[in-house]
Structure formats: structure tokens, C-alpha cells
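Peer 1: Here you go, my_file39.cif (mmCIF, C-alpha atoms):
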```cif
data_model
loop_
_atom_site.group_PDB
_atom_site.id
_atom_site.type_symbol
_atom_site.label_atom_id
_atom_site.label_comp_id
_atom_site.auth_asym_id
_atom_site.auth_seq_id
_atom_site.Cartn_x
_atom_site.Cartn_y
_atom_site.Cartn_z
ATOM 1 C CA MET A 1 28.880 21.908 -13.454
ATOM 2 C CA PHE A 2 29.520 24.248 -16.373
ATOM 3 C CA SER A 3 28.815 23.695 -20.068
ATOM 4 C CA HIS A 4 31.070 24.926 -22.882
ATOM 5 C CA ARG A 5 30.799 24.848 -26.674
ATOM 6 C CA TYR A 6 33.790 25.324 -28.931
ATOM 7 C CA ASN A 7 33.873 26.551 -32.521
ATOM 8 C CA TYR A 8 36.662 24.008 -33.072
ATOM 9 C CA ASP A 9 34.353 21.055 -32.368
ATOM 10 C CA VAL A 10 33.270 19.530 -35.697
ATOM 11 C CA TYR A 11 30.243 17.902 -33.997
ATOM 12 C CA ASP A 12 29.181 21.049 -32.045
ATOM 13 C CA ARG A 13 28.964 19.163 -28.736
ATOM 14 C CA ALA A 14 28.430 20.632 -25.291
ATOM 15 C CA TRP A 15 31.413 19.934 -23.009
ATOM 16 C CA PHE A 16 30.916 19.902 -19.262
ATOM 17 C CA THR A 17 33.313 20.775 -16.482
ATOM 18 C CA TYR A 18 32.857 20.378 -12.769
ATOM 19 C CA GLY A 19 34.327 23.786 -11.974
ATOM 20 C CA ASN A 20 36.525 24.212 -8.934
ATOM 21 C CA ASN A 21 37.049 21.191 -6.713
ATOM 22 C CA ASN A 22 39.433 21.501 -3.768
ATOM 23 C CA ASP A 23 40.454 17.833 -4.151
ATOM 24 C CA TRP A 24 41.706 18.349 -7.724
ATOM 25 C CA THR A 25 44.577 20.231 -9.326
ATOM 26 C CA GLN A 26 43.833 21.520 -12.823
ATOM 27 C CA LEU A 27 46.383 20.870 -15.562
ATOM 28 C CA ASN A 28 46.832 22.523 -18.953
ATOM 29 C CA VAL A 29 49.161 21.208 -21.648
ATOM 30 C CA SER A 30 49.827 21.859 -25.312
ATOM 31 C CA ILE A 31 48.337 19.312 -27.696
ATOM 32 C CA SER A 32 48.591 19.520 -31.450
ATOM 33 C CA VAL A 33 45.443 19.055 -33.494
ATOM 34 C CA ASP A 34 47.235 16.390 -35.563
ATOM 35 C CA SER A 35 47.724 14.153 -32.519
ATOM 36 C CA LEU A 36 43.931 13.730 -32.206
ATOM 37 C CA SER A 37 43.127 13.122 -35.874
ATOM 38 C CA GLN A 38 42.952 9.317 -35.583
ATOM 39 C CA SER A 39 39.949 9.378 -33.233
ATOM 40 C CA ASP A 40 36.507 9.043 -34.840
ATOM 41 C CA PHE A 41 35.091 11.200 -32.042
ATOM 42 C CA LYS A 42 37.439 14.087 -32.968
ATOM 43 C CA PRO A 43 37.605 15.776 -29.556
ATOM 44 C CA PRO A 44 38.855 19.368 -29.874
ATOM 45 C CA ALA A 45 42.488 19.889 -28.855
ATOM 46 C CA ILE A 46 41.398 22.735 -26.571
ATOM 47 C CA VAL A 47 39.268 20.249 -24.588
ATOM 48 C CA MET A 48 41.901 17.523 -24.534
ATOM 49 C CA SER A 49 44.575 19.949 -23.338
ATOM 50 C CA THR A 50 42.843 20.365 -19.963
ATOM 51 C CA ALA A 51 42.773 17.779 -17.193
ATOM 52 C CA VAL A 52 42.707 17.273 -13.448
ATOM 53 C CA THR A 53 44.735 15.217 -11.013
ATOM 54 C CA PRO A 54 44.083 14.548 -7.313
ATOM 55 C CA VAL A 55 45.769 17.005 -4.940
ATOM 56 C CA ASN A 56 46.820 13.984 -2.864
ATOM 57 C CA ALA A 57 48.735 11.716 -5.269
ATOM 58 C CA SER A 58 47.658 8.571 -3.388
ATOM 59 C CA ALA A 59 43.955 9.495 -3.449
ATOM 60 C CA PRO A 60 41.593 8.284 -6.175
ATOM 61 C CA LEU A 61 40.119 10.646 -8.729
ATOM 62 C CA VAL A 62 36.374 10.309 -8.144
ATOM 63 C CA ILE A 63 33.973 11.530 -10.811
ATOM 64 C CA SER A 64 30.264 11.210 -10.079
ATOM 65 C CA TRP A 65 27.140 12.240 -11.936
ATOM 66 C CA GLU A 66 23.395 12.139 -11.241
ATOM 67 C CA PRO A 67 21.075 12.139 -14.264
ATOM 68 C CA GLN A 68 18.354 14.781 -14.191
ATOM 69 C CA ASP A 69 15.724 12.452 -15.621
ATOM 70 C CA GLN A 70 15.742 8.853 -14.395
ATOM 71 C CA THR A 71 13.628 7.693 -17.366
ATOM 72 C CA GLU A 72 16.092 8.832 -20.049
ATOM 73 C CA LEU A 73 18.939 6.793 -21.536
ATOM 74 C CA TYR A 74 22.350 8.466 -21.306
ATOM 75 C CA TYR A 75 25.708 7.747 -22.910
ATOM 76 C CA VAL A 76 28.879 8.911 -21.205
ATOM 77 C CA TYR A 77 32.034 9.192 -23.283
ATOM 78 C CA MET A 78 35.380 9.731 -21.633
ATOM 79 C CA HIS A 79 38.418 10.827 -23.647
ATOM 80 C CA PHE A 80 41.970 10.319 -22.396
ATOM 81 C CA THR A 81 45.327 11.351 -23.798
ATOM 82 C CA GLU A 82 48.926 11.231 -22.649
#
```
Once more with this new file: its structure as C-alpha cells, please.
Peer 2:
Amino acid sequence: MFSHRYNYDVYDRAWFTYGNNNDWTQLNVSISVDSLSQSDFKPPAIVMSTAVTPVNASAPLVISWEPQDQTELYYVYMHFTE
């Protein structure tokens, strides 16, 4: 898993990617900054313009995560766009 930070992110968050996965095809699209302005979370357009889809269209897209510290409380936010 890789972490990225973007100057465009008004909240200076760390964004994580899973890197290369042979079961996924990476997608990149153009998204205008204005199309994301209604979200209180304000995800950067550069983040929202990347996505993945299963290589096999009938297969599920499985995303898993193991917390590093079992005693901590974590929040996971997922952002979707079309």
C-alpha cells in the first residue's frame, strides 16, 4: 500500500493506494474541480479521477484492510463518482 499527499487537498490528508493488483484494471478519467464542490469532504479531483475495475467483469471488486493496531478506532471513508 502506498501513501500520497496532494497540494490540492484542502484538508492535507494522506491518500492510500494498493499499488499494482493483477485482478484490477486501473482507470483514469478527467474530472472537473467544480463537479466535486458540493461534497463537504472535498476530495481532490486528482484523487477522484483514478479508479479500478475488476479484470474479469463478472468478478467482485474485493478491498480488504488489516489495522496495524487492534486497540485503535479507525474510520474508513470511501468516495465514489460517476
Peer 1: For the provided coordinates, the residues matched by the PyMOL selection byres ((chain A and resi 25) around 8) should be stated as an NGL selection string.
Peer 2: :A and (22-24 or 26-27 or 52-55)
Peer 1: Can you spell out as a JSON list (two decimals) with C-alpha atoms, keeping the file's coordinate frame the set of residues that the PyMOL selection byres ((chain A and resi 11) around 9) selects in the structure I just provided?
Peer 2:
```json
[["chain", "number", "residue", "atom", "x", "y", "z"],
["A", 8, "TYR", "CA", 36.66, 24.01, -33.07],
["A", 9, "ASP", "CA", 34.35, 21.06, -32.37],
["A", 10, "VAL", "CA", 33.27, 19.53, -35.70],
["A", 12, "ASP", "CA", 29.18, 21.05, -32.04],
["A", 13, "ARG", "CA", 28.96, 19.16, -28.74],
["A", 41, "PHE", "CA", 35.09, 11.20, -32.04],
["A", 42, "LYS", "CA", 37.44, 14.09, -32.97],
["A", 43, "PRO", "CA", 37.60, 15.78, -29.56]]
```
Peer 1: Grab the atom CA of Ala45 of chain A to atom CA of Ile31 of chain A distance for me, in Å with one decimal place.
Peer 2: 6.0 Å
Peer 1: Between A:Ile63, A:Val29, A:Leu36, A:Met78, single out the one closest to Ala51 of chain A, counting only C-alpha atoms.
Peer 2: A:Val29
Peer 1: Which is closer to Met48 of chain A than all the others in A:Gln70, A:Ser64, A:Ser35, A:Val76, using only C-alpha atoms?
Peer 2: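 Using only C-alpha atoms, Met48 of chain A sits closest to A:Ser35.
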Peer 1: Calculate how many Å separate atom CA of Glu66 of chain A from atom CA of Tyr6 of chain A, rounding to one decimal.
Peer 2: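 Pair atom CA of Glu66 of chain A / atom CA of Tyr6 of chain A returns 24.4 Å.
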Peer 1: Give me, please, the distance in Å between atom CA of Thr81 of chain A and atom CA of Leu61 of chain A, quoted to one decimal.
Peer 2: 16.0 Å
